[in-house]
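Data first, discussion second: the structure below is written as structure tokens.
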Amino acid sequence: MSITITPTLQAVYASVYGFITGALGSTVPVIQGLSNRTPMPPPVPGFVLMQAIHARRLRWNIDSWQNTTPPPVTMTEEQALEVWLQLDFYGPTSLDYATTISTLWRDEYGCNALAPTCQPLYADEARMIPLIDAEQQYEQRWSLDARLQYNPVTTITQAYAGSTQIGVVNVNQSYPAT
């Protein structure tokens, strides 16, 4: 039995990465996740850090079967998820970056840029969250929570009995009394 899931969260990150670099330009570094033991990019021209921080089920599963001949049968379960992404924008133009992304996230541009993997739902207002770096200096950081929906489909391959035969056994003949 094999189990697969598609699209994955990594595919969602790739779509959001494409959306951000399309909106801000390819010269702005976009980093996924919270990196340990990795230096931050230089604050000029700035960079973006994206991290999924919450996932919430939106509805019950949609189950379907694909009968194949010969078996096995493939069963799929689709789940709708709302995922919250925290997008942090660093550098002197960080508010401009946050404003650009929150504007386009709430627009047809965002729907087209993220399709077919996921779709934007809404984004919170940007907020200033200063960062104190290793040199005890303040760095500009604006953050916003962007929410999107994607529908991962889990596929399970299952073997089954396609037909059965019922036989009659004469117990007295097969197992005579002693």
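Residue numbers start at 1 in each chain; chains themselves are named A, B, ... in the order of the structure tokens; ligands are numbered from 1 in the order shown.
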
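Shell of range 128-144 of chain A at 6 Å, with only C-alpha atoms counted and residues fewer than 5 places along the chain excluded, is Gln86, Leu87, Asp88, Phe89, Tyr90, Gly91, Ser94 and Leu95 of chain A.
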
Using C-alpha atoms, can you export the residues from the last selection as a PDB file, in the first residue's frame?
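Dumped to selection-v8.pdb:
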```
ATOM      1  CA  GLN A  86       3.922  35.019   8.575  1.00  0.00           C
ATOM      2  CA  LEU A  87       5.757  37.232   6.113  1.00  0.00           C
ATOM      3  CA  ASP A  88       8.566  39.321   7.621  1.00  0.00           C
ATOM      4  CA  PHE A  89      10.103  42.131   5.561  1.00  0.00           C
ATOM      5  CA  TYR A  90      13.538  43.433   6.534  1.00  0.00           C
ATOM      6  CA  GLY A  91      15.508  46.504   5.536  1.00  0.00           C
ATOM      7  CA  SER A  94      10.449  46.842   4.391  1.00  0.00           C
ATOM      8  CA  LEU A  95       7.209  48.818   4.786  1.00  0.00           C
TER       9      LEU A  95
END
```

Neighbour list for Gly25 in chain A as a tab-separated table (two decimals) with N, CA and C atoms, in the first residue's frame, cut-off 12 Å, only C-alpha atoms, skip fewer than 4 positions in-chain:
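The resulting file, around28.tsv, is reproduced below:
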```tsv
chain	number	residue	atom	x	y	z
A	17	TYR	N	6.64	31.88	-3.04
A	17	TYR	CA	7.94	32.42	-3.45
A	17	TYR	C	7.83	33.10	-4.83
A	18	GLY	N	7.19	32.41	-5.77
A	18	GLY	CA	7.00	32.99	-7.11
A	18	GLY	C	6.17	34.26	-7.07
A	19	PHE	N	5.14	34.28	-6.23
A	19	PHE	CA	4.31	35.47	-6.07
A	19	PHE	C	5.13	36.65	-5.55
A	20	ILE	N	5.91	36.41	-4.49
A	20	ILE	CA	6.69	37.49	-3.87
A	20	ILE	C	7.76	38.00	-4.82
A	21	THR	N	8.52	37.10	-5.45
A	21	THR	CA	9.57	37.56	-6.37
A	21	THR	C	8.97	38.23	-7.60
A	29	PRO	N	15.94	38.89	-1.92
A	29	PRO	CA	15.99	37.50	-1.45
A	29	PRO	C	14.72	37.14	-0.67
A	30	VAL	N	14.22	35.94	-0.93
A	30	VAL	CA	13.08	35.40	-0.20
A	30	VAL	C	13.54	34.09	0.44
A	45	PRO	N	19.34	45.29	-0.24
A	45	PRO	CA	18.09	46.03	-0.43
A	45	PRO	C	16.97	45.57	0.49
A	46	GLY	N	17.22	44.59	1.32
A	46	GLY	CA	16.18	44.03	2.18
A	46	GLY	C	15.90	42.60	1.75
A	47	PHE	N	15.13	41.90	2.56
A	47	PHE	CA	14.77	40.53	2.21
A	47	PHE	C	13.44	40.18	2.87
A	48	VAL	N	12.91	39.02	2.48
A	48	VAL	CA	11.62	38.56	2.99
A	48	VAL	C	11.82	37.17	3.58
A	97	TYR	N	7.72	46.99	0.89
A	97	TYR	CA	7.54	45.59	0.50
A	97	TYR	C	6.25	45.02	1.09
A	100	THR	N	3.19	46.45	-0.66
A	100	THR	CA	3.04	45.86	-2.00
A	100	THR	C	2.43	44.47	-1.91
A	101	ILE	N	2.95	43.64	-1.03
A	101	ILE	CA	2.47	42.26	-0.91
A	101	ILE	C	1.03	42.22	-0.39
```

Taking 5 positions as the minimum chain separation for residues in the same chain, which residues sit within 12 Å of Asn112 in chain A when counting only C-alpha atoms? Answer as a list in words. Ser15, Val16, Gly18, Phe19, Gly22, Leu104, Trp105, Arg106, Asp107, Thr117, Cys118, Gln119 and Pro120 of chain A

Can you pull out every residue within 9 Å of range 62-68 of chain A, counting only C-alpha atoms, but drop anything in the same chain fewer than 6 positions away, and send it as number ranges by chain? A: 74-79

Give me a file of those residues, with C-alpha atoms, as a JSON list (two decimals), in the first residue's frame.
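To be explicit, this is the file written out as again.json:
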```json
[["chain", "number", "residue", "atom", "x", "y", "z"],
["A", 74, "THR", "CA", -7.10, 4.07, -5.54],
["A", 75, "MET", "CA", -8.88, 6.15, -2.91],
["A", 76, "THR", "CA", -8.39, 9.90, -2.57],
["A", 77, "GLU", "CA", -9.28, 12.13, 0.36],
["A", 78, "GLU", "CA", -9.25, 15.88, -0.23],
["A", 79, "GLN", "CA", -8.97, 18.21, 2.74]]
```

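Between Ser2 in chain A and the residues A:Leu148, A:Pro72, A:Tyr122, A:Tyr109, the shortest atom-to-atom distance, using only C-alpha atoms, involves A:Pro72.
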
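The nearest approach to Arg59 in chain A among the residues A:Leu81, A:Leu114, A:Gly167, A:Gly33, with only C-alpha atoms taken into account, belongs to A:Leu81.
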
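All residues of range 5-46 of chain A that DSSP, run on the backbone, classes as alpha helix (DSSP H) are Leu9, Gln10, Ala11, Val12, Tyr13, Ala14, Ser15, Val16, Tyr17, Gly18, Phe19, Ile20, Thr21, Gly22, Ala23 and Leu24 of chain A.
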
Dump of N, CA and C atoms for the selected residues, as a short mmCIF file (atom, residue, chain, number, x, y, z; two decimals), in the first residue's frame:
```
data_model
loop_
_atom_site.label_atom_id
_atom_site.label_comp_id
_atom_site.auth_asym_id
_atom_site.auth_seq_id
_atom_site.Cartn_x
_atom_site.Cartn_y
_atom_site.Cartn_z
N LEU A 9 3.10 21.10 1.29
CA LEU A 9 3.36 22.44 1.80
C LEU A 9 4.55 23.06 1.06
N GLN A 10 5.50 22.23 0.65
CA GLN A 10 6.65 22.74 -0.10
C GLN A 10 6.20 23.35 -1.43
N ALA A 11 5.19 22.74 -2.08
CA ALA A 11 4.65 23.31 -3.32
C ALA A 11 3.96 24.64 -3.05
N VAL A 12 3.31 24.76 -1.90
CA VAL A 12 2.68 26.04 -1.53
C VAL A 12 3.76 27.10 -1.33
N TYR A 13 4.83 26.75 -0.62
CA TYR A 13 5.94 27.69 -0.45
C TYR A 13 6.49 28.13 -1.80
N ALA A 14 6.62 27.21 -2.74
CA ALA A 14 7.15 27.55 -4.07
C ALA A 14 6.22 28.54 -4.78
N SER A 15 4.91 28.35 -4.65
CA SER A 15 3.97 29.29 -5.26
C SER A 15 4.06 30.67 -4.63
N VAL A 16 4.14 30.71 -3.30
CA VAL A 16 4.25 32.00 -2.61
C VAL A 16 5.58 32.68 -2.94
N TYR A 17 6.64 31.88 -3.04
CA TYR A 17 7.94 32.42 -3.45
C TYR A 17 7.83 33.10 -4.83
N GLY A 18 7.19 32.41 -5.77
CA GLY A 18 7.00 32.99 -7.11
C GLY A 18 6.17 34.26 -7.07
N PHE A 19 5.14 34.28 -6.23
CA PHE A 19 4.31 35.47 -6.07
C PHE A 19 5.13 36.65 -5.55
N ILE A 20 5.91 36.41 -4.49
CA ILE A 20 6.69 37.49 -3.87
C ILE A 20 7.76 38.00 -4.82
N THR A 21 8.52 37.10 -5.45
CA THR A 21 9.57 37.56 -6.37
C THR A 21 8.97 38.23 -7.60
N GLY A 22 7.79 37.79 -8.03
CA GLY A 22 7.12 38.47 -9.14
C GLY A 22 6.69 39.88 -8.77
N ALA A 23 6.29 40.07 -7.52
CA ALA A 23 5.81 41.39 -7.07
C ALA A 23 6.95 42.33 -6.69
N LEU A 24 7.99 41.81 -6.05
CA LEU A 24 9.07 42.66 -5.55
C LEU A 24 10.30 42.66 -6.43
#
```

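Here CA of Cys111 in chain A and CA of Asp145 in chain A stand 16.8 Å from one another.
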
Pick out the closest residue to Gln32 in chain A from this set: A:Met50, A:Leu85, A:Ile166, A:Val73. Count only C-alpha atoms. A:Met50

Return as a count of residues only the full set of residues in range 6-141 of chain A whose backbone-based DSSP assignment is strand (DSSP E). 48

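Put simply, CA of Val44 in chain A is 8.4 Å away from CA of Thr93 in chain A.
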